[in-house]
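Engineer: What follows is a structure written as structure tokens; I'll ask about it next.
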Amino acid sequence: MLIKRAFSGDPKPSEITDAKSYAARRCFLKFSCATAMGAALMLPTESPWAEENGLAADFNNLKASPFSTTEEKTSFRDATRYNNFYEFGTAKGDPERNAHTLRVRPWTVAVEGEAGKPRIFDIDELLKISPLEERIYRLRCVEAWSMVIPWVGFPLAELLKRVEPTGNAKFVEFTTLHDPEQMPGQRSTMLDWPYVEGLRLDEARHPLTILAVGLYGNVLPKQNGAPIRLIVPWKYGFKSIKSIVRIRLTEEPPLTTWMKAAPREYGFYANVNPEVDHPRWSQAKERRIGDFLKRPTLMFNGYGEQVAHLYSGMDLQKYF
Ligand SMILES: Nc1nc2c(c(=O)[nH]1)N[C@H]1C(S)=C(S)[C@@H](COP(=O)(O)O)O[C@H]1N2
Ligand SMILES: [Mo]
């Protein structure tokens with residue numbers, strides 16, 4: 001009920017390029033109506049965060065990915081106001097409120113470890129690494145809510161190829177920026193910072209696995225993990241690590257933040273699986289943000305046809 005009221009599916013994501021109506025809608029929620037409207041009137045077509053990031057969105061000729069779902073998209077507003085990003089607080093509205101302190105330029109991503117050609121990539125170089133696609137993917141949080149978001153990104157495999165993984169590379173470890181000055185949540189000890197995630201190399205190379213640099217045709221808002229974050233659509237949301245500064249190829253499985261924090265609750269694989277409950281709640285159903293009723297959760301978040309073969313012969317109760 002609360003979710004439905006605060007985060008209804010209206011208005012539609014297609015309105016998001018219309019900065020004026022975006023600001024007008026925010027008037028219902030904020031005191032600064034006049035300011036918001038005024039700012040909107042002066043704005044051309046780019047949204048404020050694109051300007052803030054010093055980057056006009058250049059995502060106009062995006063290829064639509066054949067991997068996309070045709071399901072109804074979550075509204076832009078919900079996707080950017082109902083977030084998990086503990087570096088900026090633990091409440092769903094905290095990242096939108098607090099992430100402005102993140103500086104996304106200059107930004108580099110080190111790609112290193114078991115690689116023949118390890119190197120540091122500048123973010124603006126990454127934006128040109130391969131044709132960007134719009135991929136409409138489901139993101140399903142372990143807390144049983146889900147969204148359908150049109151991400152702008154490119155396959156992680158494209159980047160890995162460029163550093164030439166060695167024969168010893170079996171896993172990929174991802175690390176978020178660690179800077180408590182920019183990320184006030186890191187001043188608390190609730191998690192062992194920086195946030196770390198990991199994938200098996202074959203999962204990392206799977207064409208569904210992308211590095212996202214935008215959403216809804218625009219640059220990634222800071223609360224969604226600017227300037228670059230992972231999206232692994234068949235896994236629970238916590239695998240999709242935000243604001244990445246390091247990608248390391250390893251021989252051993254990385255020790256992820258959530259496995260360190262609660263090993264009984266969060267496994268390395270974290271494949272969406274309605275048959276394996278979280279120790280404290282069922283995982284059988286989810287609420288699509290904007291919907292009133294829950295819907296059944298699908299095995300591998302509905303991507304089973306593409307990814308089930310990665311786990312053939314594995315006991316998914318054990319490797320959760
Ligand atoms: N660095 C970092 N990445 C993170 C998180 C986080 O707290 N810190 N939260 C994760 C969780 S639990 C979810 S559900 C998704 C949420 O992504 P969204 O806010 O873009 O929907 O981000 C994931 N990536
Ligand atoms: Mo999550």
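Numbering starts fresh at 1 for the residues of each chain in the structure tokens, the chains themselves are lettered A, B, ... in the order given, and ligands are numbered from 1 as they appear.
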Show me which residues sit within 12 Å of ligand 2 when counting only C-alpha atoms and all ligand atoms, and put them as a CSV table (one decimal) with N, CA and C atoms, in the first residue's frame.
Structural biologist:
```
chain,number,residue,atom,x,y,z
A,82,TYR,N,13.8,5.3,-5.6
A,82,TYR,CA,13.6,4.1,-4.7
A,82,TYR,C,14.8,3.2,-4.9
A,83,ASN,N,15.9,3.5,-4.2
A,83,ASN,CA,17.2,2.9,-4.5
A,83,ASN,C,17.8,2.2,-3.3
A,84,ASN,N,18.7,1.2,-3.5
A,84,ASN,CA,19.6,0.7,-2.5
A,84,ASN,C,21.0,1.1,-2.9
A,85,PHE,N,21.6,1.9,-2.0
A,85,PHE,CA,23.0,2.4,-2.3
A,85,PHE,C,23.5,2.8,-0.9
A,86,TYR,N,23.9,1.8,-0.1
A,86,TYR,CA,24.2,2.0,1.3
A,86,TYR,C,25.3,3.0,1.6
A,90,THR,N,20.7,4.0,4.3
A,90,THR,CA,20.0,2.7,4.2
A,90,THR,C,18.5,2.8,3.8
A,91,ALA,N,17.9,4.0,3.9
A,91,ALA,CA,16.5,4.2,3.5
A,91,ALA,C,16.5,4.3,2.0
A,92,LYS,N,15.4,3.9,1.4
A,92,LYS,CA,15.3,3.9,-0.1
A,92,LYS,C,15.4,5.3,-0.7
A,139,LEU,N,15.3,-5.9,-12.8
A,139,LEU,CA,16.2,-5.9,-11.6
A,139,LEU,C,15.4,-6.3,-10.4
A,140,ARG,N,15.8,-7.4,-9.8
A,140,ARG,CA,15.0,-8.0,-8.7
A,140,ARG,C,15.8,-8.0,-7.4
A,141,CYS,N,15.3,-7.2,-6.5
A,141,CYS,CA,16.0,-7.0,-5.2
A,141,CYS,C,15.7,-8.2,-4.3
A,142,VAL,N,16.6,-8.5,-3.4
A,142,VAL,CA,16.4,-9.6,-2.5
A,142,VAL,C,15.3,-9.3,-1.5
A,143,GLU,N,15.0,-8.0,-1.4
A,143,GLU,CA,13.9,-7.6,-0.5
A,143,GLU,C,12.5,-7.8,-1.2
A,144,ALA,N,12.5,-8.4,-2.3
A,144,ALA,CA,11.2,-8.8,-3.0
A,144,ALA,C,10.5,-7.7,-3.7
A,145,TRP,N,11.2,-6.7,-4.2
A,145,TRP,CA,10.6,-5.8,-5.1
A,145,TRP,C,11.4,-5.9,-6.4
A,146,SER,N,10.8,-5.5,-7.5
A,146,SER,CA,11.5,-5.5,-8.8
A,146,SER,C,11.1,-4.3,-9.6
A,147,MET,N,11.9,-4.0,-10.6
A,147,MET,CA,11.7,-2.9,-11.6
A,147,MET,C,12.1,-3.4,-12.9
A,235,LYS,N,20.4,-12.3,-11.5
A,235,LYS,CA,20.8,-12.4,-10.1
A,235,LYS,C,20.1,-11.3,-9.2
A,236,TYR,N,20.1,-11.6,-7.9
A,236,TYR,CA,19.5,-10.6,-7.0
A,236,TYR,C,20.3,-9.2,-7.2
A,237,GLY,N,19.5,-8.2,-6.9
A,237,GLY,CA,20.1,-6.8,-7.2
A,237,GLY,C,21.4,-6.5,-6.5
A,238,PHE,N,21.7,-7.1,-5.4
A,238,PHE,CA,22.9,-6.8,-4.7
A,238,PHE,C,24.2,-7.1,-5.5
A,239,LYS,N,24.0,-8.1,-6.4
A,239,LYS,CA,25.2,-8.4,-7.3
A,239,LYS,C,25.6,-7.2,-8.2
A,240,SER,N,24.6,-6.4,-8.5
A,240,SER,CA,24.7,-5.3,-9.5
A,240,SER,C,25.4,-4.1,-8.9
A,241,ILE,N,26.7,-4.2,-8.6
A,241,ILE,CA,27.5,-3.3,-7.9
A,241,ILE,C,27.6,-1.9,-8.6
A,242,LYS,N,27.5,-0.9,-7.8
A,242,LYS,CA,27.5,0.5,-8.3
A,242,LYS,C,28.8,1.2,-8.2
A,258,TRP,N,28.5,-8.9,1.0
A,258,TRP,CA,27.3,-9.5,1.6
A,258,TRP,C,27.6,-10.9,2.2
A,266,TYR,N,23.4,-14.6,2.3
A,266,TYR,CA,23.8,-14.2,0.9
A,266,TYR,C,24.9,-15.1,0.4
A,270,ALA,N,23.8,-16.1,-5.8
A,270,ALA,CA,22.7,-15.2,-5.7
A,270,ALA,C,21.8,-15.1,-7.0
A,272,VAL,N,18.5,-15.5,-8.9
A,272,VAL,CA,17.1,-15.4,-8.5
A,272,VAL,C,16.5,-16.8,-8.6
```
Engineer: With DSSP run on the backbone, what are the alpha helix (DSSP H) residues within range 65-116 of chain A? I'd like them as a PyMOL selection string.
Structural biologist: chain A and resi 76-81+94-98
Engineer: Please compute the CA of Lys170 in chain A-CA of Gly113 in chain A distance, one decimal, in Å.
Structural biologist: 10.9 Å
Engineer: Which residue, A:Arg162, A:Lys222, A:Arg97, A:Arg105, has the smallest gap to Arg119 in chain A when you use only C-alpha atoms?
Structural biologist: A:Arg162
Engineer: Which of these, A:Gly304, A:Pro95, A:Gly167, A:Pro279, has the shortest distance to ligand 1 once you count only C-alpha atoms and all ligand atoms?
Structural biologist: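 Result for the nearest residue to ligand 1: A:Pro95.
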